[in-house]
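Chemist: Sharing a structure, written as structure tokens. Questions coming.
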Amino acid sequence: MRRERCVHIVDDEAKVRDALTLLLSSAQIESRCYCSAEQYLASNKLEEPACVLLDNQLPGMSGLELLKHIVATSDSAVIMITAYGDVPTAVLAMKAGAFHFVQKPFDAEALLTTVEEALSRAVEARDVQQETEEFRARITLLTQREREVLALLLEGLPTKLIAHRLQISARTAEHHRAAIMQKMQARNISHLMRITLSLGHPNSGETSSR
């Protein structure tokens, strides 16, 4: 089964974990279960976006505390499970960054709809993360001069002005521009800007090597 179709269930009640596992399997969604926040933390790389069904009432670290920890370290989609009528907890969960919250007892159809939405969000976040890592590797291939040209491209300067600013020929500036586009695998300038801005400053890849 595809890894992105996996939901992490964090709940200290075995019967709840079993019920959620059965429900998710009916929709061909894999699940992994944890009986505490500590077990989840010990078993997962938090920087990796995931879809998490998280009960607030947990022994040790509370679900709300784990939620804050997950949100601070990743783009995971966390669905909080709260007791019926526990509105204050639901409000706190949403303010803390929960994707959604569901109340016990569950409405199976509504829960599956929410999980599907959360899975889509987690998959998209993983794709962005992977793309960003690839872009970060590509930007290290740029020479110092190409980084200078890139910075000016991001300012919106045309090639002739870039050449004037750097005191190089227009042909040389065009050459650097083409090399940047090829190394970054950018389809056009707009794509190049999106790629580079996702990494922060165009010279960010250089900073770590100094």
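Just so we're on the same page: first chain in the structure tokens is A, next is B, and so on; residues restart at 1 for each chain, and ligands are numbered from 1 in the order they show up.
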Need to verify the contact set: range 48-53 of chain A, 7 Å, only C-alpha atoms, exclusion of same-chain residues closer than 6 positions in sequence. Can you return it as a ChimeraX atom specification?
Modeler: /A:7-10,74-81,118-119,122,125-126
Chemist: Just the selected residues (C-alpha atoms), exported as a compact mmCIF listing (two decimals), in the first residue's frame, please.
Modeler:
# COMPACT_ATOMS: atom_id res chain seq x y z
CA VAL A 7 -2.68 7.55 9.04
CA HIS A 8 -0.98 7.60 12.43
CA ILE A 9 -3.41 6.94 15.29
CA VAL A 10 -2.37 8.15 18.73
CA SER A 74 6.48 19.75 10.34
CA ASP A 75 3.58 20.45 7.99
CA SER A 76 1.64 17.44 9.23
CA ALA A 77 -2.16 17.42 9.12
CA VAL A 78 -3.31 16.61 12.66
CA ILE A 79 -6.93 15.71 13.37
CA MET A 80 -7.65 16.07 17.07
CA ILE A 81 -10.04 13.68 18.79
CA ALA A 118 -5.87 15.56 5.67
CA LEU A 119 -4.09 12.88 3.63
CA ALA A 122 0.06 15.67 3.97
CA ALA A 125 3.34 18.94 1.99
CA ARG A 126 5.65 15.96 1.39
Chemist: Using DSSP on the backbone coordinates, identify the residues of chain A assigned to alpha helix (DSSP H); present them as JSON, numbers by chain.
Modeler: {"A": [14, 15, 16, 17, 18, 19, 20, 21, 22, 23, 24, 25, 26, 37, 38, 39, 40, 41, 42, 43, 63, 64, 65, 66, 67, 68, 69, 70, 71, 72, 73, 87, 88, 89, 90, 91, 92, 93, 94, 95, 108, 109, 110, 111, 112, 113, 114, 115, 116, 117, 118, 119, 120, 121, 122, 123, 124, 125, 126, 127, 128, 129, 130, 131, 132, 133, 134, 135, 136, 137, 138, 139, 144, 145, 146, 147, 148, 149, 150, 151, 152, 153, 154, 159, 160, 161, 162, 163, 164, 165, 166, 170, 171, 172, 173, 174, 175, 176, 177, 178, 179, 180, 181, 182, 183, 184, 189, 190, 191, 192, 193, 194, 195, 196, 197, 204, 205, 206, 207]}
Chemist: If we count only C-alpha atoms, what is near range 161-173 of chain A at a cut-off of 12 Å, once residues fewer than 6 positions away on the same chain are taken out, given as an MDAnalysis selection string?
Modeler: chainID A and resid 145:155 179:180
Chemist: With N, CA and C atoms retained, export the selected residues as a PDB file, in the first residue's frame.
Modeler:
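Okay, out_8.pdb is ready:
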ATOM      1  N   ARG A 145      29.203  33.770  -9.589  1.00  0.00           N
ATOM      2  CA  ARG A 145      28.669  34.733 -10.551  1.00  0.00           C
ATOM      3  C   ARG A 145      27.222  34.414 -10.899  1.00  0.00           C
ATOM      4  N   GLU A 146      26.923  33.138 -11.049  1.00  0.00           N
ATOM      5  CA  GLU A 146      25.543  32.742 -11.345  1.00  0.00           C
ATOM      6  C   GLU A 146      24.607  33.100 -10.196  1.00  0.00           C
ATOM      7  N   ARG A 147      25.101  33.017  -8.969  1.00  0.00           N
ATOM      8  CA  ARG A 147      24.284  33.420  -7.828  1.00  0.00           C
ATOM      9  C   ARG A 147      24.010  34.924  -7.862  1.00  0.00           C
ATOM     10  N   GLU A 148      25.012  35.675  -8.281  1.00  0.00           N
ATOM     11  CA  GLU A 148      24.839  37.125  -8.385  1.00  0.00           C
ATOM     12  C   GLU A 148      23.802  37.460  -9.456  1.00  0.00           C
ATOM     13  N   VAL A 149      23.873  36.753 -10.574  1.00  0.00           N
ATOM     14  CA  VAL A 149      22.902  36.959 -11.643  1.00  0.00           C
ATOM     15  C   VAL A 149      21.508  36.545 -11.168  1.00  0.00           C
ATOM     16  N   LEU A 150      21.442  35.445 -10.467  1.00  0.00           N
ATOM     17  CA  LEU A 150      20.161  34.965  -9.949  1.00  0.00           C
ATOM     18  C   LEU A 150      19.522  35.992  -9.026  1.00  0.00           C
ATOM     19  N   ALA A 151      20.321  36.576  -8.141  1.00  0.00           N
ATOM     20  CA  ALA A 151      19.790  37.580  -7.216  1.00  0.00           C
ATOM     21  C   ALA A 151      19.186  38.755  -7.974  1.00  0.00           C
ATOM     22  N   LEU A 152      19.814  39.154  -9.066  1.00  0.00           N
ATOM     23  CA  LEU A 152      19.301  40.276  -9.857  1.00  0.00           C
ATOM     24  C   LEU A 152      18.079  39.865 -10.672  1.00  0.00           C
ATOM     25  N   LEU A 153      18.058  38.627 -11.117  1.00  0.00           N
ATOM     26  CA  LEU A 153      16.868  38.122 -11.802  1.00  0.00           C
ATOM     27  C   LEU A 153      15.656  38.164 -10.875  1.00  0.00           C
ATOM     28  N   LEU A 154      15.890  37.841  -9.621  1.00  0.00           N
ATOM     29  CA  LEU A 154      14.803  37.851  -8.643  1.00  0.00           C
ATOM     30  C   LEU A 154      14.312  39.257  -8.344  1.00  0.00           C
ATOM     31  N   GLU A 155      15.151  40.249  -8.623  1.00  0.00           N
ATOM     32  CA  GLU A 155      14.734  41.646  -8.469  1.00  0.00           C
ATOM     33  C   GLU A 155      13.919  42.111  -9.669  1.00  0.00           C
ATOM     34  N   ALA A 179      22.522  29.120 -17.953  1.00  0.00           N
ATOM     35  CA  ALA A 179      23.129  28.112 -17.087  1.00  0.00           C
ATOM     36  C   ALA A 179      22.313  27.944 -15.804  1.00  0.00           C
ATOM     37  N   ILE A 180      21.823  29.063 -15.280  1.00  0.00           N
ATOM     38  CA  ILE A 180      20.995  29.020 -14.064  1.00  0.00           C
ATOM     39  C   ILE A 180      19.711  28.233 -14.325  1.00  0.00           C
TER      40      ILE A 180
END
Chemist: Any idea what the distance is between CA of Arg32 in chain A and CA of Thr89 in chain A?
Modeler: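 Computing it gives 24.4 Å between the two atoms.
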Chemist: Take CA of Ile29 in chain A and CA of Cys6 in chain A and report the distance between them in Å, one decimal.
Modeler: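 About the pair CA of Ile29 in chain A and CA of Cys6 in chain A: they are 5.9 Å apart.
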Chemist: If you measure from CA of Pro158 in chain A to CA of Val128 in chain A, what distance in Å do you get, rounded to one decimal?
Modeler: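 Distance between the two atoms: 28.7 Å.
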Chemist: Point out the residue among A:Met193, A:Val87, A:Ala186, A:Leu46 with the least atom-to-atom distance to Leu67 in chain A, counting only C-alpha atoms.
Modeler: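 So, comparing all the options, the nearest one is A:Leu46.
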Chemist: For the structure I just gave you, how does DSSP split range 44-120 of chain A - specifically, which residues are strand (DSSP E)? Reply as a ChimeraX atom specification.
Modeler: /A:51-55,77-82,100-103
Chemist: Extract, using only C-alpha atoms, all DNA, RNA and protein residues at most 8 Å from range 19-25 of chain A, discarding same-chain residues fewer than 6 positions from it, and format them as a list in words.
Modeler: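 Returned residues: Ile9, Ser31, Ala108 and Leu112 of chain A.
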